[in-house]
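Asks: Sending over a structure as structure tokens; questions will come in a sec.
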Amino acid sequence: MKDLHSFANLKYYRLSIILIILFMFSGVYVVFTRSSAISLQFYVHLILVMALAFSLWVYPRRESLMIKATITILSMIYFYALFIMYPETTSTFVLLCLSPGIAILFFDPRVFYFSLGLNVLGLSSIFCYVNFIDKGQSYSNLYNDLTGNVLNSLASQATVFLIFFIMNSRIKKMQVYYEQIQQAERLKTTGQLVAAVAHEIRNPITVVKGFLQLFNEDKAFVEKREHFRLMLDELNIAETVISDFLTIAKEKDTRDATQVINVKQSLYSVVDLIQSFALINNISIQIDIKEDSYINCSLIEFKQLMINLLKNAIEASPYGSTVSVQAKQNKLTVDISITDFGSGMTDEELKVIGTPFYSLKSKGTGLGLMICFNIIEKYNGAIRYNSEIGKGTMVTVSFPAKIEPDNG
């Protein structure tokens, strides 16, 4: 409920709380006028109203789990106290049944499930008391139709649970939708940046790179060749980043090169291509694919995706370790898993992986994985990361499976 901090919402919240507090204090006033002498019940009622009113008033300033739990518990204590102190008032039983609804206002599953469990326990205790001890002396309305009241109370708890479950599910869907909108905005911003500066940057880089290559071959600059080589390497990195930008800016729905590809053959081809990079880092690649499987995808984009993921796994792996590649076909999907035994990632890092300009590499831009995510989304695939600090990371890519092509 962070939106309470806006002026308009806080104003309406304060007005609503003032009305609720007035109603609660009016109940205290009625008890005071009807009593010939001030009793213990009056003081208990007054203290509970004051405590609940104070908690509701300060809530917007301290939206913590403790204040949410405090308001929920105080509300339940208040309703139960009214039920116990004024048995002649039948409406208090309705308040008991609906008391977990207070926790729905906080949109916190922990508080709601706690209050629901506590209320079920409280209602069970009340029915046991009415049936075995009171036997209709004070709570005749409950006792005369005990079975019906038990069923009604259970139905009310199920209804409150259903309301919260539906609301909570919708909130989660809205959060996912909001994250997708943010991702789309980031992609749009990246595309605008590409259109504005990519070609303007590439042109001067090409000119500078050409002169450096010329000077690097000139015998007069033999002593400076190492410097030229370093500058050329840095320019190559810059060109790679620009190429990544341009790849992201391409139209996602273009599928002219789509074909049914053999995953096993394509993966072996990718491993052959990247084997030299792995050997430089003293990393061995173990590939385990027992059967042929097929997906509908662009072969070039599929290899680009796998090379990027394998390159990340190799760079994340400690010197002399192993990267595992596995592929298997399920009923509807082909799952490809790449596992490294590097340092792993935290839950916070996993949440933002694949977003532009976020990378765990010192010279990374995050665009490589963003391209991977775009390719996977383009062909209705899915990607999942499982990682544990100190043990490594497994990334699993799933594509819709295709029937083996007819070669006859």
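Ligands are numbered from 1 in the order shown, residues from 1 within each chain, and chains are lettered A, B, ... in the order they appear in the structure tokens.
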What lies within 10 Å of Ile104 (chain A) using only C-alpha atoms, ignoring chain neighbours under 6 positions off, as an mmCIF file with all heavy atoms, in the first residue's frame?
Replies:
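Output (result03.cif):
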```
data_model
loop_
_atom_site.group_PDB
_atom_site.id
_atom_site.type_symbol
_atom_site.label_atom_id
_atom_site.label_comp_id
_atom_site.auth_asym_id
_atom_site.auth_seq_id
_atom_site.Cartn_x
_atom_site.Cartn_y
_atom_site.Cartn_z
ATOM 1 N N THR A 72 -4.024 -6.214 12.503
ATOM 2 C CA THR A 72 -4.855 -7.402 12.282
ATOM 3 C C THR A 72 -5.204 -8.081 13.601
ATOM 4 O O THR A 72 -6.373 -8.431 13.857
ATOM 5 C CB THR A 72 -4.125 -8.395 11.366
ATOM 6 O OG1 THR A 72 -3.789 -7.753 10.134
ATOM 7 C CG2 THR A 72 -4.993 -9.601 11.070
ATOM 8 N N VAL A 111 0.367 -12.205 6.556
ATOM 9 C CA VAL A 111 -0.577 -11.657 7.533
ATOM 10 C C VAL A 111 -1.956 -12.277 7.352
ATOM 11 O O VAL A 111 -2.626 -12.636 8.332
ATOM 12 C CB VAL A 111 -0.644 -10.125 7.400
ATOM 13 C CG1 VAL A 111 -1.688 -9.553 8.358
ATOM 14 C CG2 VAL A 111 0.720 -9.500 7.673
ATOM 15 N N PHE A 112 -2.381 -12.438 6.087
ATOM 16 C CA PHE A 112 -3.726 -12.978 5.849
ATOM 17 C C PHE A 112 -3.836 -14.422 6.330
ATOM 18 O O PHE A 112 -4.788 -14.761 7.050
ATOM 19 C CB PHE A 112 -4.081 -12.902 4.372
ATOM 20 C CG PHE A 112 -5.377 -13.594 4.046
ATOM 21 C CD1 PHE A 112 -6.589 -13.005 4.361
ATOM 22 C CD2 PHE A 112 -5.382 -14.850 3.465
ATOM 23 C CE1 PHE A 112 -7.784 -13.650 4.080
ATOM 24 C CE2 PHE A 112 -6.567 -15.497 3.188
ATOM 25 C CZ PHE A 112 -7.773 -14.895 3.498
ATOM 26 N N TYR A 113 -2.893 -15.276 5.928
ATOM 27 C CA TYR A 113 -2.988 -16.686 6.313
ATOM 28 C C TYR A 113 -2.848 -16.865 7.824
ATOM 29 O O TYR A 113 -3.469 -17.757 8.416
ATOM 30 C CB TYR A 113 -1.939 -17.502 5.579
ATOM 31 C CG TYR A 113 -2.219 -17.628 4.090
ATOM 32 C CD1 TYR A 113 -1.267 -17.246 3.144
ATOM 33 C CD2 TYR A 113 -3.440 -18.103 3.631
ATOM 34 C CE1 TYR A 113 -1.528 -17.346 1.783
ATOM 35 C CE2 TYR A 113 -3.714 -18.209 2.281
ATOM 36 C CZ TYR A 113 -2.762 -17.826 1.363
ATOM 37 O OH TYR A 113 -3.027 -17.917 0.011
ATOM 38 N N SER A 115 -3.941 -14.628 10.070
ATOM 39 C CA SER A 115 -5.225 -14.214 10.645
ATOM 40 C C SER A 115 -6.318 -15.237 10.361
ATOM 41 O O SER A 115 -7.170 -15.497 11.220
ATOM 42 C CB SER A 115 -5.628 -12.847 10.096
ATOM 43 O OG SER A 115 -5.859 -12.920 8.696
ATOM 44 N N VAL A 160 -13.864 -15.744 2.300
ATOM 45 C CA VAL A 160 -12.802 -14.760 2.527
ATOM 46 C C VAL A 160 -11.494 -15.236 1.887
ATOM 47 O O VAL A 160 -10.766 -14.451 1.265
ATOM 48 C CB VAL A 160 -12.603 -14.513 4.043
ATOM 49 C CG1 VAL A 160 -11.374 -13.659 4.291
ATOM 50 C CG2 VAL A 160 -13.829 -13.837 4.631
ATOM 51 N N PHE A 161 -11.209 -16.548 2.042
ATOM 52 C CA PHE A 161 -10.004 -17.101 1.428
ATOM 53 C C PHE A 161 -10.050 -16.977 -0.092
ATOM 54 O O PHE A 161 -9.053 -16.602 -0.720
ATOM 55 C CB PHE A 161 -9.844 -18.570 1.826
ATOM 56 C CG PHE A 161 -8.783 -19.297 1.034
ATOM 57 C CD1 PHE A 161 -7.437 -19.136 1.334
ATOM 58 C CD2 PHE A 161 -9.128 -20.121 -0.030
ATOM 59 C CE1 PHE A 161 -6.460 -19.788 0.597
ATOM 60 C CE2 PHE A 161 -8.168 -20.779 -0.768
ATOM 61 C CZ PHE A 161 -6.823 -20.615 -0.445
ATOM 62 N N ILE A 163 -11.736 -14.816 -1.917
ATOM 63 C CA ILE A 163 -11.578 -13.407 -2.302
ATOM 64 C C ILE A 163 -10.104 -13.010 -2.285
ATOM 65 O O ILE A 163 -9.594 -12.383 -3.219
ATOM 66 C CB ILE A 163 -12.400 -12.497 -1.366
ATOM 67 C CG1 ILE A 163 -13.900 -12.736 -1.586
ATOM 68 C CG2 ILE A 163 -12.047 -11.029 -1.594
ATOM 69 C CD1 ILE A 163 -14.773 -12.039 -0.570
ATOM 70 N N PHE A 164 -9.409 -13.393 -1.205
ATOM 71 C CA PHE A 164 -7.985 -13.034 -1.105
ATOM 72 C C PHE A 164 -7.171 -13.737 -2.185
ATOM 73 O O PHE A 164 -6.287 -13.121 -2.797
ATOM 74 C CB PHE A 164 -7.443 -13.420 0.274
ATOM 75 C CG PHE A 164 -5.961 -13.200 0.396
ATOM 76 C CD1 PHE A 164 -5.447 -11.937 0.631
ATOM 77 C CD2 PHE A 164 -5.070 -14.254 0.254
ATOM 78 C CE1 PHE A 164 -4.083 -11.722 0.730
ATOM 79 C CE2 PHE A 164 -3.700 -14.059 0.350
ATOM 80 C CZ PHE A 164 -3.214 -12.780 0.591
ATOM 81 N N PHE A 165 -7.462 -15.012 -2.421
ATOM 82 C CA PHE A 165 -6.694 -15.783 -3.412
ATOM 83 C C PHE A 165 -6.826 -15.175 -4.802
ATOM 84 O O PHE A 165 -5.839 -15.024 -5.529
ATOM 85 C CB PHE A 165 -7.182 -17.234 -3.411
ATOM 86 C CG PHE A 165 -6.456 -18.113 -4.394
ATOM 87 C CD1 PHE A 165 -5.197 -18.611 -4.099
ATOM 88 C CD2 PHE A 165 -7.024 -18.429 -5.619
ATOM 89 C CE1 PHE A 165 -4.521 -19.421 -5.003
ATOM 90 C CE2 PHE A 165 -6.354 -19.228 -6.533
ATOM 91 C CZ PHE A 165 -5.099 -19.725 -6.216
ATOM 92 N N MET A 167 -7.721 -12.037 -5.556
ATOM 93 C CA MET A 167 -7.088 -10.718 -5.565
ATOM 94 C C MET A 167 -5.572 -10.838 -5.630
ATOM 95 O O MET A 167 -4.901 -10.121 -6.379
ATOM 96 C CB MET A 167 -7.504 -9.926 -4.327
ATOM 97 C CG MET A 167 -8.944 -9.455 -4.332
ATOM 98 S SD MET A 167 -9.346 -8.499 -2.860
ATOM 99 C CE MET A 167 -8.229 -7.115 -3.030
ATOM 100 N N ASN A 168 -5.019 -11.751 -4.838
ATOM 101 C CA ASN A 168 -3.571 -11.927 -4.815
ATOM 102 C C ASN A 168 -3.052 -12.436 -6.165
ATOM 103 O O ASN A 168 -1.991 -12.009 -6.642
ATOM 104 C CB ASN A 168 -3.194 -12.909 -3.707
ATOM 105 C CG ASN A 168 -1.707 -12.886 -3.383
ATOM 106 O OD1 ASN A 168 -1.120 -11.814 -3.231
ATOM 107 N ND2 ASN A 168 -1.105 -14.048 -3.274
#
```
Asks: Of the residues A:Ile17, A:Val397, A:Ala316, A:Val325, which is the one nearest to Asn281 (chain A), using only C-alpha atoms?
Replies: A:Ala316
Asks: May I have the residues within 12 Å of Leu65 (chain A) as a PyMOL selection string, using only C-alpha atoms and disregarding those fewer than 4 positions away in the same chain?
Replies: chain A and resi 1+59+69-72+103+106-112
